[in-house]
>>> print(open('structure11.txt').read())   # compact mmCIF, C-alpha atoms and all ligand atoms
# COMPACT_ATOMS: atom_id res chain seq x y z
CA MET A 1 20.07 -18.11 -18.62
CA ASN A 2 21.54 -14.66 -19.13
CA PRO A 3 22.22 -13.24 -15.64
CA THR A 4 22.32 -9.63 -16.83
CA ARG A 5 18.78 -9.73 -18.25
CA PRO A 6 16.02 -8.77 -15.78
CA GLN A 7 14.44 -11.89 -14.29
CA HIS A 8 10.97 -12.66 -13.01
CA ALA A 9 10.55 -12.52 -9.23
CA PRO A 10 10.87 -16.12 -7.98
CA MET A 11 7.51 -17.91 -7.87
CA ILE A 12 8.12 -19.53 -4.52
CA GLN A 13 4.54 -19.54 -3.27
CA PHE A 14 3.95 -23.11 -4.49
CA ALA A 15 5.96 -26.16 -3.42
CA VAL A 16 7.43 -28.62 -5.90
CA ASP A 17 7.01 -32.36 -5.31
CA ASN A 18 8.83 -34.85 -7.48
CA GLY A 19 9.24 -32.25 -10.22
CA SER A 20 5.57 -31.20 -10.17
CA LEU A 21 4.19 -27.94 -8.92
CA VAL A 22 1.83 -28.44 -5.97
CA VAL A 23 -1.33 -26.31 -5.95
CA GLY A 24 -3.81 -26.65 -3.09
CA GLY A 25 -1.77 -29.57 -1.80
CA VAL A 26 -2.19 -31.55 -5.05
CA PRO A 27 0.59 -32.16 -7.61
CA LEU A 28 -0.37 -30.64 -10.94
CA PRO A 29 -0.76 -33.81 -13.09
CA ARG A 30 -3.11 -35.23 -10.47
CA LEU A 31 -4.97 -31.94 -10.16
CA ALA A 32 -5.50 -31.97 -13.94
CA GLU A 33 -7.00 -35.47 -13.63
CA ARG A 34 -9.13 -34.37 -10.72
CA ILE A 35 -10.49 -31.38 -12.63
CA GLY A 36 -11.02 -33.60 -15.65
CA ALA A 37 -9.94 -31.29 -18.45
CA THR A 38 -7.44 -28.63 -19.37
CA PRO A 39 -7.23 -25.67 -19.52
CA PHE A 40 -8.16 -24.60 -16.03
CA TYR A 41 -7.59 -22.00 -13.39
CA ALA A 42 -6.73 -23.31 -9.93
CA TYR A 43 -6.79 -21.15 -6.81
CA ASP A 44 -5.02 -22.30 -3.67
CA ARG A 45 -7.22 -21.50 -0.67
CA SER A 46 -4.33 -21.74 1.81
CA LYS A 47 -2.49 -19.01 -0.11
CA LEU A 48 -5.58 -16.77 0.00
CA THR A 49 -5.75 -17.26 3.76
CA ALA A 50 -2.01 -16.65 4.17
CA ARG A 51 -2.12 -13.42 2.19
CA VAL A 52 -4.88 -11.94 4.35
CA GLY A 53 -2.88 -12.96 7.44
CA GLU A 54 0.20 -11.20 6.10
CA LEU A 55 -1.81 -8.02 5.54
CA ARG A 56 -3.32 -8.17 9.03
CA ARG A 57 0.19 -8.47 10.50
CA HIS A 58 1.48 -5.41 8.70
CA LEU A 59 -1.50 -3.04 8.64
CA PRO A 60 -2.67 -1.22 11.76
CA PRO A 61 -5.52 -3.05 13.55
CA GLU A 62 -7.89 -0.10 12.91
CA ILE A 63 -7.82 -0.78 9.17
CA HIS A 64 -10.73 -2.76 7.77
CA LEU A 65 -9.89 -4.96 4.82
CA HIS A 66 -12.34 -5.30 1.94
CA TYR A 67 -12.13 -7.63 -1.03
CA ALA A 68 -12.79 -6.01 -4.43
CA MET A 69 -14.64 -8.84 -6.12
CA LYS A 70 -13.99 -7.96 -9.71
CA ALA A 71 -10.44 -9.30 -9.38
CA ASN A 72 -11.88 -12.82 -9.02
CA PRO A 73 -15.64 -13.18 -8.71
CA MET A 74 -15.73 -17.00 -8.64
CA PRO A 75 -18.45 -17.64 -6.01
CA ALA A 76 -16.32 -20.20 -4.12
CA VAL A 77 -13.43 -17.72 -3.92
CA VAL A 78 -15.75 -14.93 -2.77
CA GLN A 79 -17.22 -17.19 -0.06
CA HIS A 80 -13.73 -18.14 1.10
CA MET A 81 -12.64 -14.50 1.17
CA ALA A 82 -15.83 -13.60 3.05
CA GLY A 83 -14.56 -15.66 5.95
CA LEU A 84 -11.31 -13.67 6.05
CA VAL A 85 -12.01 -10.02 5.26
CA ASP A 86 -14.32 -7.36 6.71
CA GLY A 87 -16.40 -6.49 3.67
CA LEU A 88 -16.79 -6.67 -0.08
CA ASP A 89 -16.56 -4.10 -2.85
CA ILE A 90 -18.64 -4.79 -5.90
CA ALA A 91 -18.73 -3.19 -9.32
CA SER A 92 -21.88 -4.63 -10.93
CA GLY A 93 -25.33 -5.97 -10.21
CA GLY A 94 -24.06 -9.46 -11.01
CA GLU A 95 -21.33 -9.19 -8.39
CA MET A 96 -23.91 -7.89 -5.93
CA GLN A 97 -25.94 -11.10 -6.20
CA VAL A 98 -22.84 -13.18 -5.35
CA ALA A 99 -21.89 -10.78 -2.53
CA LEU A 100 -25.37 -10.97 -1.02
CA ASP A 101 -25.04 -14.78 -0.84
CA THR A 102 -22.13 -14.37 1.62
CA PRO A 103 -22.71 -13.95 5.37
CA PHE A 104 -21.85 -10.22 5.19
CA ALA A 105 -24.44 -7.71 6.32
CA PRO A 106 -25.40 -5.58 3.29
CA GLY A 107 -23.89 -2.52 5.02
CA GLU A 108 -20.47 -4.18 4.68
CA ILE A 109 -20.90 -4.32 0.90
CA SER A 110 -20.23 -1.23 -1.20
CA PHE A 111 -21.10 -0.77 -4.84
CA ALA A 112 -18.87 1.44 -7.02
CA GLY A 113 -18.77 2.04 -10.75
CA PRO A 114 -20.03 4.58 -13.27
CA GLY A 115 -23.24 4.06 -15.23
CA LYS A 116 -25.23 2.08 -12.68
CA SER A 117 -28.56 1.09 -14.21
CA ASP A 118 -31.94 1.80 -12.59
CA THR A 119 -32.11 -1.87 -11.59
CA ASP A 120 -28.57 -1.74 -10.13
CA LEU A 121 -29.66 1.18 -7.96
CA THR A 122 -33.05 -0.17 -6.88
CA THR A 123 -31.71 -3.63 -6.04
CA ALA A 124 -28.83 -2.12 -4.05
CA ILE A 125 -31.22 0.19 -2.15
CA ALA A 126 -33.61 -2.68 -1.46
CA ALA A 127 -30.72 -4.84 -0.26
CA GLY A 128 -29.23 -2.11 1.94
CA VAL A 129 -25.90 -2.09 0.12
CA VAL A 130 -23.83 1.13 0.35
CA LEU A 131 -23.81 3.00 -2.95
CA ASN A 132 -20.54 4.70 -3.81
CA MET A 133 -21.92 7.57 -5.87
CA GLU A 134 -20.02 8.45 -9.00
CA SER A 135 -21.83 11.72 -9.83
CA ALA A 136 -24.38 14.29 -8.66
CA PHE A 137 -26.78 12.96 -11.28
CA GLU A 138 -26.51 9.47 -9.82
CA MET A 139 -27.30 10.93 -6.39
CA GLU A 140 -30.54 12.48 -7.70
CA ARG A 141 -31.58 9.14 -9.22
CA ILE A 142 -30.81 7.35 -5.94
CA ALA A 143 -32.96 9.84 -4.02
CA VAL A 144 -35.91 9.29 -6.40
CA PHE A 145 -35.64 5.49 -6.08
CA GLY A 146 -35.27 5.68 -2.31
CA ARG A 147 -38.50 7.70 -2.03
CA ARG A 148 -40.30 5.29 -4.34
CA LEU A 149 -39.18 2.28 -2.26
CA GLY A 150 -39.70 4.00 1.08
CA ILE A 151 -36.09 3.26 2.07
CA VAL A 152 -33.37 5.73 3.02
CA PRO A 153 -30.44 4.79 0.76
CA LYS A 154 -26.97 4.44 2.29
CA VAL A 155 -24.54 6.45 0.21
CA ALA A 156 -20.89 7.41 0.08
CA ILE A 157 -19.29 9.86 -2.30
CA ARG A 158 -16.59 8.49 -4.51
CA VAL A 159 -14.11 11.31 -4.86
CA ASN A 160 -11.94 11.93 -7.88
CA PRO A 161 -8.93 13.29 -5.99
CA ASP A 162 -6.99 16.38 -6.96
CA PHE A 163 -3.77 14.33 -7.08
CA GLU A 164 -2.58 11.27 -8.98
CA LEU A 165 -1.16 8.03 -7.64
CA LYS A 166 2.42 7.99 -8.89
CA SER A 167 3.85 4.91 -10.69
CA SER A 168 0.50 3.17 -10.82
CA GLY A 169 -0.17 0.55 -13.50
CA MET A 170 -3.62 2.04 -14.04
CA LYS A 171 -4.68 5.49 -12.87
CA MET A 172 -8.22 5.67 -11.56
CA GLY A 173 -8.19 9.19 -10.13
CA GLY A 174 -6.72 12.65 -10.67
CA GLY A 175 -7.38 14.85 -13.71
CA PRO A 176 -10.59 14.41 -15.69
CA LYS A 177 -12.05 10.96 -15.03
CA GLN A 178 -15.28 9.04 -15.54
CA PHE A 179 -14.85 7.81 -11.96
CA GLY A 180 -16.01 9.71 -8.93
CA VAL A 181 -16.92 13.31 -8.20
CA ASP A 182 -14.20 15.92 -8.71
CA ALA A 183 -12.95 16.88 -5.24
CA GLU A 184 -13.81 20.55 -5.78
CA MET A 185 -17.49 19.64 -6.45
CA VAL A 186 -17.89 17.59 -3.27
CA PRO A 187 -18.88 20.42 -0.84
CA GLU A 188 -21.82 21.36 -3.06
CA MET A 189 -22.81 17.72 -3.38
CA LEU A 190 -22.70 17.24 0.39
CA ALA A 191 -25.14 20.14 0.83
CA ARG A 192 -27.53 18.59 -1.68
CA LEU A 193 -27.12 15.16 -0.08
CA ALA A 194 -28.34 16.57 3.22
CA GLU A 195 -31.38 18.20 1.49
CA LEU A 196 -32.25 14.87 -0.10
CA GLY A 197 -32.11 13.12 3.27
CA LEU A 198 -29.80 10.32 2.16
CA ALA A 199 -27.87 8.35 4.80
CA PHE A 200 -24.33 9.66 4.37
CA GLN A 201 -21.69 7.01 5.09
CA GLY A 202 -18.51 8.75 4.01
CA PHE A 203 -15.97 8.91 1.24
CA HIS A 204 -14.38 6.50 -1.15
CA ILE A 205 -11.12 7.70 -2.65
CA TYR A 206 -9.47 5.24 -5.00
CA SER A 207 -6.61 6.50 -7.07
CA GLY A 208 -5.06 3.59 -8.93
CA SER A 209 -4.12 -0.04 -9.34
CA GLN A 210 -1.05 -2.33 -9.55
CA ASN A 211 1.44 -0.17 -7.65
CA LEU A 212 4.72 -1.78 -6.58
CA LYS A 213 6.33 1.30 -5.03
CA ALA A 214 5.79 1.70 -1.30
CA GLU A 215 6.71 5.42 -1.50
CA SER A 216 3.95 6.09 -4.05
CA LEU A 217 1.35 4.36 -1.90
CA GLN A 218 2.60 6.18 1.21
CA ASP A 219 2.31 9.47 -0.62
CA ALA A 220 -1.20 8.59 -1.84
CA HIS A 221 -2.33 7.53 1.66
CA GLU A 222 -1.10 10.76 3.19
CA LYS A 223 -2.81 12.88 0.53
CA THR A 224 -5.99 10.79 0.68
CA PHE A 225 -6.36 11.27 4.43
CA ALA A 226 -5.69 14.99 4.12
CA LEU A 227 -8.30 15.31 1.37
CA ALA A 228 -10.88 13.31 3.34
CA ILE A 229 -10.40 15.47 6.43
CA ARG A 230 -10.70 18.61 4.33
CA LEU A 231 -13.92 17.38 2.67
CA ALA A 232 -15.41 16.11 5.93
CA ALA A 233 -15.58 19.71 7.16
CA HIS A 234 -18.39 20.24 4.62
CA ALA A 235 -20.46 17.22 5.70
CA ARG A 236 -23.59 17.74 7.85
CA THR A 237 -23.16 14.37 9.56
CA PRO A 238 -20.05 12.48 10.71
CA VAL A 239 -17.98 10.43 8.31
CA LEU A 240 -18.71 6.81 9.24
CA SER A 241 -16.57 5.19 6.60
CA LEU A 242 -13.44 6.27 4.81
CA ASN A 243 -12.42 3.94 2.00
CA ILE A 244 -8.90 4.81 0.86
CA GLY A 245 -8.83 2.38 -2.07
CA GLY A 246 -6.10 -0.12 -2.64
CA GLY A 247 -3.73 -0.30 -5.53
CA PHE A 248 -1.24 -2.73 -3.98
CA GLY A 249 0.61 -4.42 -6.85
CA ILE A 250 2.22 -7.80 -7.41
CA PRO A 251 5.26 -8.64 -9.58
CA TYR A 252 4.30 -9.84 -13.05
CA PHE A 253 7.17 -8.98 -15.35
CA PRO A 254 10.95 -9.40 -15.43
CA GLY A 255 12.67 -6.89 -13.17
CA GLU A 256 9.62 -6.32 -10.92
CA GLY A 257 9.99 -6.97 -7.18
CA ARG A 258 7.49 -7.46 -4.37
CA LEU A 259 5.81 -4.49 -2.67
CA ASP A 260 7.35 -3.51 0.67
CA LEU A 261 4.23 -4.16 2.74
CA GLU A 262 6.04 -3.41 5.96
CA ALA A 263 6.82 0.13 4.79
CA VAL A 264 3.24 0.72 3.65
CA GLY A 265 1.94 -0.61 6.99
CA ALA A 266 4.36 1.47 9.07
CA ASN A 267 3.29 4.63 7.26
CA LEU A 268 -0.38 3.84 7.90
CA LYS A 269 0.38 3.27 11.59
CA ARG A 270 1.91 6.75 11.63
CA LEU A 271 -1.09 8.36 9.88
CA VAL A 272 -4.07 6.56 11.44
CA PRO A 273 -4.03 8.26 14.89
CA ASP A 274 -4.44 11.72 13.33
CA VAL A 275 -7.27 10.47 11.13
CA LYS A 276 -8.99 8.90 14.13
CA ARG A 277 -8.73 12.21 15.98
CA ALA A 278 -10.15 14.21 13.06
CA LEU A 279 -12.82 11.65 12.08
CA PRO A 280 -13.49 9.70 15.28
CA GLU A 281 -16.48 7.78 13.93
CA ALA A 282 -14.85 6.76 10.67
CA LYS A 283 -14.06 3.16 9.93
CA ILE A 284 -10.98 3.21 7.71
CA VAL A 285 -11.18 0.73 4.84
CA ILE A 286 -8.63 -0.53 2.36
CA GLU A 287 -10.09 -2.39 -0.59
CA LEU A 288 -7.87 -4.80 -2.46
CA GLY A 289 -8.54 -7.11 -5.36
CA ARG A 290 -5.41 -8.21 -7.12
CA TYR A 291 -3.13 -8.22 -4.09
CA LEU A 292 -5.40 -10.63 -2.23
CA VAL A 293 -5.95 -13.23 -4.92
CA ALA A 294 -3.55 -12.93 -7.86
CA GLU A 295 -0.58 -14.86 -6.47
CA ALA A 296 -2.77 -17.70 -5.21
CA GLY A 297 -3.88 -18.62 -8.72
CA VAL A 298 -2.40 -20.40 -11.71
CA TYR A 299 -3.68 -20.97 -15.22
CA VAL A 300 -2.83 -24.38 -16.62
CA CYS A 301 -3.00 -25.59 -20.21
CA ARG A 302 -1.70 -28.67 -22.01
CA VAL A 303 0.84 -28.87 -24.82
CA ILE A 304 -0.80 -30.29 -27.95
CA GLU A 305 2.19 -30.00 -30.24
CA ARG A 306 5.82 -28.96 -30.24
CA LYS A 307 6.30 -27.27 -33.57
CA VAL A 308 9.54 -25.98 -35.08
CA SER A 309 9.31 -23.16 -37.60
CA ARG A 310 12.53 -21.92 -39.19
CA GLY A 311 14.49 -22.89 -36.14
CA GLN A 312 12.10 -21.39 -33.59
CA VAL A 313 10.20 -23.70 -31.22
CA PHE A 314 6.49 -23.19 -30.56
CA LEU A 315 4.59 -25.05 -27.88
CA VAL A 316 1.03 -25.11 -29.21
CA THR A 317 -1.35 -25.53 -26.27
CA ASP A 318 -5.08 -25.90 -25.68
CA GLY A 319 -5.15 -22.58 -23.76
CA GLY A 320 -4.73 -19.01 -24.86
CA LEU A 321 -5.84 -15.42 -24.83
CA HIS A 322 -9.53 -16.35 -24.85
CA HIS A 323 -9.02 -17.59 -21.26
CA HIS A 324 -6.17 -15.36 -20.17
CA LEU A 325 -6.08 -12.09 -22.01
CA ALA A 326 -3.70 -10.43 -19.55
CA ALA A 327 -0.99 -13.08 -19.97
CA SER A 328 -1.17 -12.61 -23.74
CA GLY A 329 -0.28 -8.96 -23.21
CA ASN A 330 -3.54 -7.54 -24.51
CA PHE A 331 -5.15 -6.31 -21.26
CA GLY A 332 -3.85 -2.78 -20.92
CA GLN A 333 -0.13 -3.44 -21.37
CA VAL A 334 1.71 -0.95 -23.57
CA ILE A 335 4.69 -3.20 -24.37
CA ARG A 336 4.13 -6.96 -24.34
CA LYS A 337 6.12 -8.73 -21.61
CA ASN A 338 6.01 -12.33 -20.45
CA TYR A 339 4.15 -13.38 -17.33
CA PRO A 340 6.07 -15.92 -15.23
CA VAL A 341 5.51 -19.26 -16.96
CA ALA A 342 6.81 -22.80 -16.29
CA VAL A 343 6.29 -26.38 -17.36
CA GLY A 344 4.42 -27.45 -14.25
CA ASN A 345 5.20 -31.18 -14.41
CA LYS A 346 8.89 -30.63 -15.19
CA MET A 347 9.89 -28.05 -12.58
CA ASN A 348 13.33 -29.56 -12.02
CA ALA A 349 14.15 -30.60 -15.57
CA ALA A 350 17.77 -30.05 -16.51
CA ARG A 351 17.09 -29.87 -20.24
CA ARG A 352 15.73 -26.48 -21.16
CA GLU A 353 14.99 -24.68 -24.39
CA THR A 354 13.81 -21.31 -25.59
CA VAL A 355 10.25 -21.52 -26.81
CA SER A 356 7.15 -19.51 -27.52
CA VAL A 357 3.92 -20.77 -25.96
CA VAL A 358 0.89 -20.15 -28.16
CA GLY A 359 -2.78 -21.08 -28.12
CA PRO A 360 -5.20 -22.48 -30.69
CA LEU A 361 -6.61 -19.18 -31.91
CA CYS A 362 -5.97 -18.01 -35.47
CA THR A 363 -4.29 -14.77 -34.47
CA PRO A 364 -0.66 -13.94 -33.69
CA LEU A 365 -1.95 -12.18 -30.55
CA ASP A 366 -2.58 -15.62 -29.03
CA LEU A 367 0.76 -15.79 -27.29
CA LEU A 368 1.25 -16.86 -23.65
CA ALA A 369 5.06 -16.72 -23.65
CA ASP A 370 7.35 -15.13 -26.18
CA GLN A 371 10.78 -16.78 -26.54
CA MET A 372 11.13 -17.85 -22.94
CA GLU A 373 13.57 -20.38 -21.58
CA LEU A 374 11.47 -23.26 -20.18
CA ALA A 375 11.96 -26.92 -19.40
CA ALA A 376 12.04 -28.82 -22.71
CA ALA A 377 8.42 -29.88 -23.22
CA GLU A 378 6.46 -32.30 -25.38
CA PRO A 379 2.79 -33.02 -26.07
CA GLY A 380 0.90 -33.78 -22.87
CA ASP A 381 3.03 -31.56 -20.63
CA LEU A 382 1.33 -28.89 -18.54
CA VAL A 383 2.20 -25.22 -19.02
CA VAL A 384 1.55 -23.05 -15.97
CA VAL A 385 1.04 -19.29 -15.99
CA PHE A 386 1.65 -17.89 -12.49
CA GLN A 387 0.12 -14.72 -10.97
CA SER A 388 -3.21 -15.65 -12.54
CA GLY A 389 -5.66 -15.51 -9.63
CA ALA A 390 -6.85 -11.99 -10.52
CA TYR A 391 -8.19 -10.52 -13.75
CA GLY A 392 -7.90 -13.91 -15.44
CA MET A 393 -10.92 -15.77 -16.68
CA THR A 394 -13.52 -13.06 -16.28
CA ALA A 395 -11.22 -10.48 -17.87
CA SER A 396 -10.87 -12.55 -21.05
CA PRO A 397 -12.91 -12.76 -24.28
CA ALA A 398 -14.14 -16.34 -23.78
CA ALA A 399 -16.40 -16.30 -26.84
CA PHE A 400 -13.63 -15.29 -29.27
CA LEU A 401 -13.26 -18.14 -31.80
CA SER A 402 -15.80 -20.37 -30.00
CA HIS A 403 -13.33 -22.68 -28.28
CA PRO A 404 -14.34 -24.35 -25.02
CA GLY A 405 -14.05 -22.27 -21.85
CA ALA A 406 -11.57 -22.84 -19.03
CA ARG A 407 -12.61 -24.63 -15.85
CA GLU A 408 -12.04 -23.15 -12.41
CA ALA A 409 -11.31 -24.83 -9.10
CA LEU A 410 -10.68 -23.59 -5.60
CA VAL A 411 -8.38 -26.18 -4.06
C1 LIG A 501 -10.93 -2.49 -9.42
C2 LIG A 501 -11.19 -1.81 -8.19
C3 LIG A 501 -10.50 -2.21 -7.04
C4 LIG A 501 -9.48 -3.31 -7.01
O1 LIG A 501 -8.30 -2.94 -7.60
P1 LIG A 501 -7.02 -3.90 -7.46
O2 LIG A 501 -5.98 -3.22 -8.24
O3 LIG A 501 -7.42 -5.23 -8.04
O4 LIG A 501 -6.69 -4.03 -6.03
C5 LIG A 501 -10.79 -1.55 -5.88
N1 LIG A 501 -11.71 -0.56 -5.84
C6 LIG A 501 -12.39 -0.16 -6.94
C7 LIG A 501 -13.36 0.93 -6.83
C8 LIG A 501 -12.14 -0.76 -8.15
O5 LIG A 501 -12.81 -0.35 -9.23
>>> encode(input="structure11.txt", output="structure tokens")
Amino acid sequence: MNPTRPQHAPMIQFAVDNGSLVVGGVPLPRLAERIGATPFYAYDRSKLTARVGELRRHLPPEIHLHYAMKANPMPAVVQHMAGLVDGLDIASGGEMQVALDTPFAPGEISFAGPGKSDTDLTTAIAAGVVLNMESAFEMERIAVFGRRLGIVPKVAIRVNPDFELKSSGMKMGGGPKQFGVDAEMVPEMLARLAELGLAFQGFHIYSGSQNLKAESLQDAHEKTFALAIRLAAHARTPVLSLNIGGGFGIPYFPGEGRLDLEAVGANLKRLVPDVKRALPEAKIVIELGRYLVAEAGVYVCRVIERKVSRGQVFLVTDGGLHHHLAASGNFGQVIRKNYPVAVGNKMNAARRETVSVVGPLCTPLDLLADQMELAAAEPGDLVVVFQSGAYGMTASPAAFLSHPGAREALV
């Protein structure tokens, strides 16, 4: 191993027993037998629980924690998370059906996303779910449906802020965006909202995803609160809910470290009292997807063949980009980098070699690890991709090339 090259953050969340990674208390070869087939995703429920506990310890007690379901919408995971967090954020009608099966009151579920269909809106209104409105046009449609159903819809305004979240993997606010209502248009929209008689809940201000820099999040939180207080002055009724988004990142690639949660929490503790004074009825919500579930999950596939081509070793596996697009580097990455990968049944092996891990698809894009140093592997061994609990299976083109899908287990 070259010590000067940037390394992956150590994947210490899972124990190793007798050379095998232990997920959900079960050594990987046994877990593969239990699940009955590779490839699969496995999510460790104790790690999900531990992560929420860690957040609760660092964030001020006034902060409500919501789970953004699109990161991992597996119903078993959502039910488990429902026992830990204070609410759910959904981004489709399909997610809403899973969310409504949890014990949460519909008022603890909020529905964001542009282009909501008529059915999305009517089902959400009928259910009593809070609609995070993405435009003035959407608000007019909601008002029409509410009158038709004889229900007063609960609505919040998703604001496209007048600032950007610095160093974010994916910017979701600032500048022209398909998300949310431009901050400068919000006062006018609040006036119309009052005319329409909708039940105003508050604001949702989400500026980006996958941020590893505490200072950037601190800056965003400060600006988000200031913006919310400024906008609240134009509301006819009190702000009941202030959702400040999420964006907490996890380390995927060599050279990336873990987010300083303590620093983010300390800054929130400093800011929250002023917000509570300015908006005394507002419940302050942080919504997180990736940060809650990503590190608790692994993707596991089996080596079918060890192939040598012109001196380069390829581990050909039964898994690939059709199950895990992000690990292949094709889900929004600009430059392809390796996820943390290991041979999960040979964690302590002394003999190592530099290999590329590929899948069965007929495209060079089907690459899970590019020239990585791993334990020397042979057919039957289990390749593990870490950091796979979020944006894994449901963010992948499962139908591409008509191979079987991956299984999923919450362990
Ligand atoms: C995707 C999304 C999230 C979750 O983002 P993460 O980076 O996974 O934490 C939260 N809120 C909204 C509105 C989203 O669209």
>>> atom_distance(input="structure11.txt", atom1="atom CA of A:Leu321", atom2="atom CA of A:Ala296")
20.0 Å
>>> residues_around(input="structure11.txt", residues="A:Gly202", least_positions_apart="5", cutoff="9 Å", atoms="only C-alpha atoms", output="ChimeraX atom specification")
/A:155-158,228,232,235,238-243,282
>>> residues_around(input="structure11.txt", residues="A:Ala194", least_positions_apart="5", cutoff="9 Å", atoms="all atoms listed in the file", output="PyMOL selection string")
chain A and resi 189+199-200+235-237
>>> residues_around(input="structure11.txt", residues="stretch 256-264 of chain A", least_positions_apart="6", cutoff="7 Å", atoms="all atoms listed in the file", output="number ranges by chain")
A: 8-9, 58, 212-214, 217-218, 249-250
>>> write_last_selection(input="structure11.txt", atoms="C-alpha atoms", output="PDB file, in the frame of the given file")
ATOM      1  CA  HIS A   8      10.970 -12.660 -13.010  1.00  0.00           C
ATOM      2  CA  ALA A   9      10.550 -12.520  -9.230  1.00  0.00           C
ATOM      3  CA  HIS A  58       1.480  -5.410   8.700  1.00  0.00           C
ATOM      4  CA  LEU A 212       4.720  -1.780  -6.580  1.00  0.00           C
ATOM      5  CA  LYS A 213       6.330   1.300  -5.030  1.00  0.00           C
ATOM      6  CA  ALA A 214       5.790   1.700  -1.300  1.00  0.00           C
ATOM      7  CA  LEU A 217       1.350   4.360  -1.900  1.00  0.00           C
ATOM      8  CA  GLN A 218       2.600   6.180   1.210  1.00  0.00           C
ATOM      9  CA  GLY A 249       0.610  -4.420  -6.850  1.00  0.00           C
ATOM     10  CA  ILE A 250       2.220  -7.800  -7.410  1.00  0.00           C
TER      11      ILE A 250
END
>>> residues_near_ligand(input="structure11.txt", ligand="ligand LIG 501 (chain A)", cutoff="9 Å", atoms="only C-alpha atoms and all ligand atoms", output="ChimeraX atom specification")
/A:66-72,89-91,111-113,132,158,169-170,172,179,204-211,245-249,286-294,390-391
>>> atom_distance(input="structure11.txt", atom1="atom CA of A:Asp118", atom2="atom CA of A:Ala82")
27.2 Å
>>> residues_around(input="structure11.txt", residues="A:Phe331", least_positions_apart="2", cutoff="10 Å", atoms="all atoms listed in the file", output="ChimeraX atom specification")
/A:321,324-329,333-334,336,391-392,395-396
>>> decode(input="structure11.txt", residues="stretch 378-389 of chain A", atoms="N, CA, C and O atoms", output="compact mmCIF listing (two decimals), in the first residue's frame")
# COMPACT_ATOMS: atom_id res chain seq x y z
N GLU A 378 -10.74 -15.50 -5.15
CA GLU A 378 -10.98 -16.54 -6.15
C GLU A 378 -12.49 -16.76 -6.28
O GLU A 378 -13.26 -16.21 -5.48
N PRO A 379 -12.92 -17.54 -7.26
CA PRO A 379 -14.36 -17.76 -7.42
C PRO A 379 -15.00 -18.23 -6.12
O PRO A 379 -14.43 -19.05 -5.40
N GLY A 380 -16.16 -17.68 -5.82
CA GLY A 380 -16.88 -18.03 -4.59
C GLY A 380 -16.70 -17.00 -3.49
O GLY A 380 -17.52 -16.94 -2.57
N ASP A 381 -15.62 -16.22 -3.54
CA ASP A 381 -15.42 -15.20 -2.51
C ASP A 381 -16.46 -14.09 -2.64
O ASP A 381 -17.07 -13.89 -3.70
N LEU A 382 -16.63 -13.35 -1.52
CA LEU A 382 -17.69 -12.34 -1.45
C LEU A 382 -17.08 -10.94 -1.46
O LEU A 382 -16.32 -10.59 -0.55
N VAL A 383 -17.40 -10.17 -2.47
CA VAL A 383 -16.93 -8.78 -2.54
C VAL A 383 -17.97 -7.89 -1.87
O VAL A 383 -19.17 -8.01 -2.14
N VAL A 384 -17.48 -7.01 -0.99
CA VAL A 384 -18.35 -6.11 -0.25
C VAL A 384 -18.10 -4.67 -0.70
O VAL A 384 -16.94 -4.25 -0.77
N VAL A 385 -19.16 -3.95 -0.98
CA VAL A 385 -19.04 -2.50 -1.20
C VAL A 385 -19.65 -1.83 0.02
O VAL A 385 -20.85 -2.00 0.31
N PHE A 386 -18.84 -1.07 0.75
CA PHE A 386 -19.31 -0.36 1.95
C PHE A 386 -20.08 0.90 1.55
O PHE A 386 -20.11 1.29 0.39
N GLN A 387 -20.62 1.57 2.55
CA GLN A 387 -21.30 2.88 2.39
C GLN A 387 -22.46 2.75 1.39
O GLN A 387 -22.68 3.66 0.58
N SER A 388 -23.16 1.63 1.44
CA SER A 388 -24.14 1.32 0.40
C SER A 388 -25.59 1.32 0.88
O SER A 388 -26.48 0.89 0.16
N GLY A 389 -25.83 1.83 2.10
CA GLY A 389 -27.19 1.81 2.63
C GLY A 389 -28.09 2.90 2.07
O GLY A 389 -29.30 2.87 2.31
